[in-house]
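First up is the structure itself, then whatever we jot down about it.
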Amino acid sequence: MELKRVSYSYPGGQPLINEFTASIPETGILAIIGPNGAGKSTILNLLSGELTPTSGQVLLNGTPVSEMSTKARANQIAVVRQHNEVYDDLAVKDVVKMGRLAFHSLFSVVSDSEVAPFLEQTHLTDLADRQLSELSGGQQQRVWIAMALAQEPAVLLLDEPTTYLDIRYQVDLMNLVVQLQQEKQIAVIMVLHDMNQAFRVSHRIWLIKAGQLVKQGSPETLLDSALLSQTFDFPVRVVDVADYGRYVIQMPSGQETDNLRKLI
Amino acid sequence: MKRERLAYAVVIIGLLMTIFVALMSGVDFYSPAEVWGAVTGQNNTAFNTVMMFRLPRILAALICGGMLSVAGAFSQSVFRNQLADPSILGMTSAGDFFILIGGLLLPNFPFQKAILAVLGGVIVLHILARPASIRQPLRLIIVGVALNLTFVGFQQVLTSGTVGLGGQSFNGITWQSTLTLLGVGTLGLIAALVVAPWANYLKLGDQQLAGVGVPVTAMRWWLLALVIYLTCGVTAVIGTIPFMGIVIPNIGRRVVGHDYQTLIPFSMLSGAWLLLIADTVGRLVVLPSELAAASIMTVIGGPFLVIMLQRGAIHGIKAS
């Protein structure tokens with residue numbers, strides 16, 4: 001996918017995204033990080049075609065995403081949202097079957113066996129007949145991922161998939177995403193709140209602020225105290241943690257903090 | 001699965017027994033043998049009562065019960081609100097009102113009742129079907145109830161107060177009207193079975209449905225068109241029979257679960273059964289006079305709605 005000088009603003013409002021140009025490799029995990037209000041979710045919505053750029057183009061294999069039919073888009077791009085609206089109750093397997101509507105007509109009946117592999121991949125086989133309301137937050141999030149996988153997308157977009165989960169489910173979910181990406185060799189694009197999560201799992205990172213790309217590159221190149229402190233307007237330091245690797249922490253007070261504060 | 005089968009078995013057996021009781025009972029009571037004689041044409045005295053009066057009336061009640069219950073279930077899915085029944089929202093009383101006006105102004109216009117019933121339904125839907133009503137379930141119901149009262153009021157003004165809720169009845173229905181209802185109803189109910197999965201799809205938010213390539217808006221309008229067709233089909237021939245669409249689907253959710261592919265056929269059968277019970281009870285309790293099925297349904301449905309509201313059903317159908 002490719003973003004070519006993409007800008008987006010609400011009518012009469014300030015631009016949320018400003019002349020954004022970048023390209024996304026066909027395979028790998030890309031994490032988008034940045035402070036609140038940087039435009040992370042807006043970028044994701046532009047990539048999914050839910051929003052149409054005010055100027056510039058979002059291209060998938062050379063075709064503008066906003067000009068594709070909803071069906072054609074559903075075949076290529078799947079989105080796992082931060083907030084999922086559900087009215088009434090429905091069984092896990094029925095949710096996943098809806099993902100298959102990307103390939104079928106509205107009148108067709110999707111069989112259980114057709115969605116079995118997607119339930120299997122997300123470790124939901126045992127929960128297939130349970131109602132969504134009976135599941136925990138982490139399990140529900142896996143259901144939404146299974147539904148997205150059922151679309152067999154080339155690009156999988158996830159908007160802060162771990163936000164409401166406790167640490168165990170966060171780690172489980174990230175491991176699942178990494179594993180699925182390796183198996184399917186697709187492009188995974190995630191907006192992540194937790195920088196350390198982003199640095200740990202992704203192959204590539206976009207650091208954005210005020211609707212613009214501050215820097216992109218591999219996690220190693222972005223693990224820079226000064227760069228991150230400046231972008232987040234908050235003093236942070238990259239430290240080495242034994243048996244883990246490099247980790248971003250909130251800065252304790254001291255000389256180095258004062259130096260970083262001057263930068264901000 | 002087992003519970004589902006049991007529920008279907010109970011409803012089907014109950015339905016058949018009620019049909020038989022309804023054929024036997026009335027001002028003149030006939031034994032099973034006499035009913036059989038009437039059906040096979042051997043008993044001439046019973047033939048007239050059973051085949052010309054009771055049978056068309058029973059069939060009309062059955063098909064109307066199915067139509068109204070299914071319309072209620074779909075309406076609840078489209079509005080994402082388990083209280084959204086066409087009769088509560090004022091669709092049927094608007095239809096009654098326009099039919100009343102049409103009867104005064106254009107008494108000989110062809111298909112006027114059907115056209116006017118649909119017109120009433122469409123006008124009410126036009127007022128109700130907007131995004132705010134779906135986001136705010138309480139608002140939908142309050143506006144709907146107000147519309148209902150308004151159109152009932154209009155009818156009372158035009159008829160000096162002689163028309164009220166619950167006046168409509170299957171009394172004296174002709175074979176011709178019954179066959180019309182059966183034709184219209186069967187088509188609508190077949191369509192309902194075909195599109196039942198759509199009602200399940202609408203359990204997800206619009207954004208998500210668009211994300212899997214579903215044309216949400218078109219789907220919603222087709223389902224609303226079916227709701228109008230089923231509801232107004234009954235209104236045009238019989239008039240308003242309230243609460244069917246709220247009582248049956250909500251009992252159905254308890255009994256067979258929330259999957260519309262089971263809930264829709266279950267609503268057809270149990271709706272048919274309930275309305276036949278209401279009509280038969282109405283026919284028998286105050287012999288030789290009778291109570292309208294609509295009155296019986298008001299007496300059953302009113303308290304049912306109150307209990308649902310007290311239990312907090314107003315927050316819409318929300319699971320997680």
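In the structure tokens, chains take the letters A, B, ... in the order shown, each chain's residues start at 1, and ligands count up from 1 in the order shown.
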
Give me, as a ChimeraX atom specification, the contact residues of chain B against chain A at a cut-off of 12 Å, counting only C-alpha atoms. /B:1,76-82,134-135,137,191-216,218-219,250,253-254,257-261,313,315-320

When you look at Arg5 in chain A with a cut-off of 7 Å (counting only C-alpha atoms), what residues show up, excluding the ones that are within fewer than 3 positions of it in the same chain? I need them as a list of chain:residue names. A:Glu19, A:Phe20, A:Thr21, A:Gly56, A:Gln57

Mind dumping the selected residues with C-alpha atoms as an mmCIF file, in the first residue's frame?
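The result, written out as part-v5.cif:
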```cif
data_model
loop_
_atom_site.group_PDB
_atom_site.id
_atom_site.type_symbol
_atom_site.label_atom_id
_atom_site.label_comp_id
_atom_site.auth_asym_id
_atom_site.auth_seq_id
_atom_site.Cartn_x
_atom_site.Cartn_y
_atom_site.Cartn_z
ATOM 1 C CA GLU A 19 0.750 15.827 3.253
ATOM 2 C CA PHE A 20 1.470 12.315 4.463
ATOM 3 C CA THR A 21 3.621 10.222 2.119
ATOM 4 C CA GLY A 56 -3.750 12.955 -2.174
ATOM 5 C CA GLN A 57 -4.269 9.232 -2.665
#
```

Could you name the residues that touch Gly271 in chain B at 12 Å or less, counting only C-alpha atoms, but leaving out those on the same chain fewer than 4 positions away, as a short mmCIF file (atom, residue, chain, number, x, y, z; two decimals) with C-alpha atoms, in the first residue's frame?
```
data_model
loop_
_atom_site.label_atom_id
_atom_site.label_comp_id
_atom_site.auth_asym_id
_atom_site.auth_seq_id
_atom_site.Cartn_x
_atom_site.Cartn_y
_atom_site.Cartn_z
CA VAL B 11 -46.04 -25.10 19.45
CA ILE B 12 -47.03 -27.37 16.56
CA GLY B 14 -50.69 -26.76 20.52
CA LEU B 15 -51.45 -25.15 17.19
CA ALA B 61 -56.08 -15.54 12.26
CA LEU B 62 -53.23 -18.01 11.66
CA ILE B 63 -51.67 -16.18 8.74
CA CYS B 64 -52.10 -12.74 10.37
CA GLY B 65 -50.49 -13.98 13.59
CA GLY B 66 -47.50 -15.25 11.64
CA MET B 67 -47.20 -12.10 9.57
CA LEU B 68 -47.38 -9.70 12.53
CA SER B 69 -44.93 -11.65 14.67
CA VAL B 70 -42.36 -11.92 11.89
CA ALA B 71 -42.79 -8.22 11.07
CA GLY B 72 -42.10 -7.46 14.73
CA ALA B 73 -38.95 -9.59 14.80
CA ILE B 241 -53.98 -6.07 16.05
CA PHE B 243 -48.57 -6.27 20.45
CA MET B 244 -48.21 -9.48 18.41
CA GLY B 245 -44.81 -8.35 17.17
CA ILE B 246 -43.52 -7.65 20.63
CA VAL B 247 -44.90 -10.58 22.62
CA ILE B 248 -43.94 -13.39 20.24
CA PRO B 249 -40.34 -12.53 19.22
CA ASN B 250 -39.37 -11.75 22.81
CA ILE B 251 -40.79 -15.00 24.12
CA GLY B 252 -39.07 -16.67 21.16
CA LEU B 263 -36.44 -17.16 15.67
CA ILE B 264 -38.24 -16.25 12.42
CA PRO B 265 -39.82 -19.67 11.73
CA PHE B 266 -40.57 -20.05 15.43
CA SER B 267 -42.29 -16.64 15.44
CA LEU B 275 -53.56 -15.07 17.52
CA LEU B 276 -55.78 -18.09 16.96
CA ILE B 277 -56.02 -18.55 20.74
CA ALA B 278 -56.86 -14.85 21.15
CA MET B 297 -54.18 -8.94 22.40
#
```

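In this comparison, which uses only C-alpha atoms, the residue of A:Ile205, A:Leu158, A:Leu176, A:Leu192 approaching Gln121 in chain A most closely is A:Leu176.
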
Can you work out the spacing between CA of Ser93 in chain B and CA of Ile296 in chain B in Å, to one decimal?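 Between CA of Ser93 in chain B and CA of Ile296 in chain B the gap is 17.1 Å.
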
Members of range 13-258 of chain A assigned alpha helix (DSSP H) by DSSP, as number ranges by chain: A: 40-48, 70-76, 92-99, 112-121, 137-150, 167-184, 195-201, 219-222, 225-232, 255-258

Just asking: which residues within range 139-226 of chain A are strand (DSSP E) according to DSSP, as a PyMOL selection string? chain A and resi 155-159+187-191+204-209+212-217

How would the residues just picked look written out with C-alpha atoms as a short mmCIF file (atom, residue, chain, number, x, y, z; two decimals), in the first residue's frame?
```
data_model
loop_
_atom_site.label_atom_id
_atom_site.label_comp_id
_atom_site.auth_asym_id
_atom_site.auth_seq_id
_atom_site.Cartn_x
_atom_site.Cartn_y
_atom_site.Cartn_z
CA VAL A 155 -3.73 -6.20 4.60
CA LEU A 156 -4.87 -6.54 8.21
CA LEU A 157 -5.44 -3.33 10.15
CA LEU A 158 -5.71 -3.34 13.95
CA ASP A 159 -6.64 -0.26 15.96
CA ALA A 187 0.85 -6.91 5.81
CA VAL A 188 -0.24 -6.19 9.38
CA ILE A 189 -0.65 -2.55 10.36
CA MET A 190 -1.33 -1.76 14.00
CA VAL A 191 -1.94 1.40 15.90
CA ARG A 204 8.83 -1.32 10.95
CA ILE A 205 7.54 1.69 12.85
CA TRP A 206 5.97 4.98 11.87
CA LEU A 207 6.39 7.67 14.49
CA ILE A 208 3.79 10.33 13.81
CA LYS A 209 2.82 13.62 15.35
CA GLN A 212 2.80 14.11 9.89
CA LEU A 213 5.41 11.40 9.75
CA VAL A 214 8.20 12.32 12.15
CA LYS A 215 10.33 9.31 11.33
CA GLN A 216 9.97 5.79 10.01
CA GLY A 217 12.30 2.86 10.22
#
```

Please provide the set of residues having any atom within 10 Å of Gln230 in chain A, restricted to only C-alpha atoms, with same-chain residues fewer than 3 positions apart removed, written as a list in words. Ser225, Ala226, Leu227, Asp233, Phe234, Pro235, Val236, Leu260, Arg261, Lys262, Leu263 and Ile264 of chain A

Residues just named, written with C-alpha atoms as a tab-separated table (two decimals), in the first residue's frame:
```tsv
chain	number	residue	atom	x	y	z
A	225	SER	CA	15.61	8.87	23.91
A	226	ALA	CA	15.81	12.34	22.41
A	227	LEU	CA	13.59	11.55	19.43
A	233	ASP	CA	6.60	16.02	24.80
A	234	PHE	CA	7.64	13.96	27.77
A	235	PRO	CA	11.04	12.85	28.98
A	236	VAL	CA	11.59	9.15	28.38
A	260	LEU	CA	15.87	16.25	27.69
A	261	ARG	CA	13.37	18.77	29.03
A	262	LYS	CA	15.35	21.51	27.34
A	263	LEU	CA	14.90	19.68	24.05
A	264	ILE	CA	11.13	19.62	24.49
```

Set the distance at 7 Å and use only C-alpha atoms: which residues neighbour Val184 in chain B once local chain neighbours fewer than 4 positions away are removed? I'd like the list as JSON, numbers by chain. {"B": [180, 188, 233]}

Can those selected residues be exported to a file as a PDB file, in the first residue's frame so that it contains C-alpha atoms?
```
ATOM      1  CA  THR B 180     -56.099 -12.621  -0.214  1.00  0.00           C
ATOM      2  CA  GLY B 188     -44.149 -12.444   2.616  1.00  0.00           C
ATOM      3  CA  GLY B 233     -51.091  -6.600   4.545  1.00  0.00           C
TER       4      GLY B 233
END
```

By how many Å are CA of Leu46 in chain A and CA of Glu67 in chain A apart?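 These atoms are spaced 12.1 Å apart.
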
For Ser25 in chain B, list every protein, DNA or RNA residue within 12 Å, evaluated using only C-alpha atoms, and leave out those in the same chain fewer than 6 positions away; present the list as a list in words. Thr18, Ile19, Ser31, Pro32, Glu34, Val35, Ala46, Thr49, Val50, Phe53, Arg54, Leu55, Ile58, Asp279, Thr280, Val281, Gly282, Arg283, Leu284, Val285, Leu287 and Pro288 of chain B

Keeping only N, CA and C atoms, take the residues you just selected and write them out as a PDB file, in the first residue's frame.
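Wrote part-v3.pdb, looks like this:
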```pdb
ATOM      1  N   THR B  18     -55.487 -26.356  18.950  1.00  0.00           N
ATOM      2  CA  THR B  18     -56.294 -25.129  18.985  1.00  0.00           C
ATOM      3  C   THR B  18     -57.150 -25.023  17.723  1.00  0.00           C
ATOM      4  N   ILE B  19     -56.569 -25.402  16.581  1.00  0.00           N
ATOM      5  CA  ILE B  19     -57.349 -25.373  15.334  1.00  0.00           C
ATOM      6  C   ILE B  19     -58.581 -26.262  15.477  1.00  0.00           C
ATOM      7  N   SER B  31     -69.307 -32.011  17.631  1.00  0.00           N
ATOM      8  CA  SER B  31     -68.374 -33.046  18.079  1.00  0.00           C
ATOM      9  C   SER B  31     -67.329 -33.246  16.990  1.00  0.00           C
ATOM     10  N   PRO B  32     -66.178 -33.877  17.326  1.00  0.00           N
ATOM     11  CA  PRO B  32     -65.164 -34.156  16.308  1.00  0.00           C
ATOM     12  C   PRO B  32     -65.765 -34.869  15.099  1.00  0.00           C
ATOM     13  N   GLU B  34     -68.783 -34.644  13.920  1.00  0.00           N
ATOM     14  CA  GLU B  34     -69.564 -33.695  13.118  1.00  0.00           C
ATOM     15  C   GLU B  34     -68.645 -32.770  12.321  1.00  0.00           C
ATOM     16  N   VAL B  35     -67.518 -32.341  12.950  1.00  0.00           N
ATOM     17  CA  VAL B  35     -66.562 -31.496  12.239  1.00  0.00           C
ATOM     18  C   VAL B  35     -66.014 -32.259  11.040  1.00  0.00           C
ATOM     19  N   ALA B  46     -73.635 -28.707   9.635  1.00  0.00           N
ATOM     20  CA  ALA B  46     -72.350 -28.268  10.174  1.00  0.00           C
ATOM     21  C   ALA B  46     -71.479 -27.651   9.070  1.00  0.00           C
ATOM     22  N   THR B  49     -71.569 -23.735   8.844  1.00  0.00           N
ATOM     23  CA  THR B  49     -70.899 -23.043   9.942  1.00  0.00           C
ATOM     24  C   THR B  49     -69.388 -23.275   9.906  1.00  0.00           C
ATOM     25  N   VAL B  50     -68.988 -24.530   9.789  1.00  0.00           N
ATOM     26  CA  VAL B  50     -67.563 -24.870   9.909  1.00  0.00           C
ATOM     27  C   VAL B  50     -66.779 -24.387   8.683  1.00  0.00           C
ATOM     28  N   PHE B  53     -67.780 -20.232   7.793  1.00  0.00           N
ATOM     29  CA  PHE B  53     -67.504 -19.188   8.796  1.00  0.00           C
ATOM     30  C   PHE B  53     -66.249 -19.472   9.613  1.00  0.00           C
ATOM     31  N   ARG B  54     -66.191 -20.676  10.209  1.00  0.00           N
ATOM     32  CA  ARG B  54     -65.080 -20.918  11.144  1.00  0.00           C
ATOM     33  C   ARG B  54     -63.751 -21.122  10.420  1.00  0.00           C
ATOM     34  N   LEU B  55     -63.736 -21.914   9.377  1.00  0.00           N
ATOM     35  CA  LEU B  55     -62.454 -22.216   8.727  1.00  0.00           C
ATOM     36  C   LEU B  55     -61.772 -20.976   8.134  1.00  0.00           C
ATOM     37  N   ILE B  58     -60.376 -18.988  10.973  1.00  0.00           N
ATOM     38  CA  ILE B  58     -59.203 -19.609  11.611  1.00  0.00           C
ATOM     39  C   ILE B  58     -57.959 -19.395  10.751  1.00  0.00           C
ATOM     40  N   ASP B 279     -58.263 -15.123  19.188  1.00  0.00           N
ATOM     41  CA  ASP B 279     -59.525 -15.009  18.461  1.00  0.00           C
ATOM     42  C   ASP B 279     -60.553 -16.007  18.976  1.00  0.00           C
ATOM     43  N   THR B 280     -60.093 -17.233  19.251  1.00  0.00           N
ATOM     44  CA  THR B 280     -61.018 -18.276  19.692  1.00  0.00           C
ATOM     45  C   THR B 280     -61.557 -17.956  21.089  1.00  0.00           C
ATOM     46  N   VAL B 281     -60.667 -17.513  21.973  1.00  0.00           N
ATOM     47  CA  VAL B 281     -61.109 -17.128  23.315  1.00  0.00           C
ATOM     48  C   VAL B 281     -62.114 -15.984  23.206  1.00  0.00           C
ATOM     49  N   GLY B 282     -61.794 -14.995  22.360  1.00  0.00           N
ATOM     50  CA  GLY B 282     -62.693 -13.855  22.178  1.00  0.00           C
ATOM     51  C   GLY B 282     -64.059 -14.290  21.667  1.00  0.00           C
ATOM     52  N   ARG B 283     -64.055 -15.313  20.830  1.00  0.00           N
ATOM     53  CA  ARG B 283     -65.299 -15.821  20.254  1.00  0.00           C
ATOM     54  C   ARG B 283     -66.150 -16.539  21.299  1.00  0.00           C
ATOM     55  N   LEU B 284     -65.480 -17.145  22.291  1.00  0.00           N
ATOM     56  CA  LEU B 284     -66.192 -18.054  23.201  1.00  0.00           C
ATOM     57  C   LEU B 284     -66.545 -17.449  24.552  1.00  0.00           C
ATOM     58  N   VAL B 285     -65.794 -16.461  25.044  1.00  0.00           N
ATOM     59  CA  VAL B 285     -65.982 -16.049  26.455  1.00  0.00           C
ATOM     60  C   VAL B 285     -67.307 -15.375  26.719  1.00  0.00           C
ATOM     61  N   LEU B 287     -70.275 -15.617  24.810  1.00  0.00           N
ATOM     62  CA  LEU B 287     -71.320 -16.123  23.917  1.00  0.00           C
ATOM     63  C   LEU B 287     -72.692 -15.610  24.350  1.00  0.00           C
ATOM     64  N   PRO B 288     -73.577 -15.282  23.467  1.00  0.00           N
ATOM     65  CA  PRO B 288     -73.478 -15.358  22.011  1.00  0.00           C
ATOM     66  C   PRO B 288     -72.799 -14.141  21.373  1.00  0.00           C
TER      67      PRO B 288
END
```

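With CA of Ala38 in chain A on one side and CA of Tyr244 in chain A on the other, the separation reads 28.7 Å.
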
Find the residues near Val178 in chain A: any atom within 8 Å, counting only C-alpha atoms, skip ones fewer than 3 places away on the same chain, and give them as a ChimeraX atom specification. /A:29,174-175,181-182,201
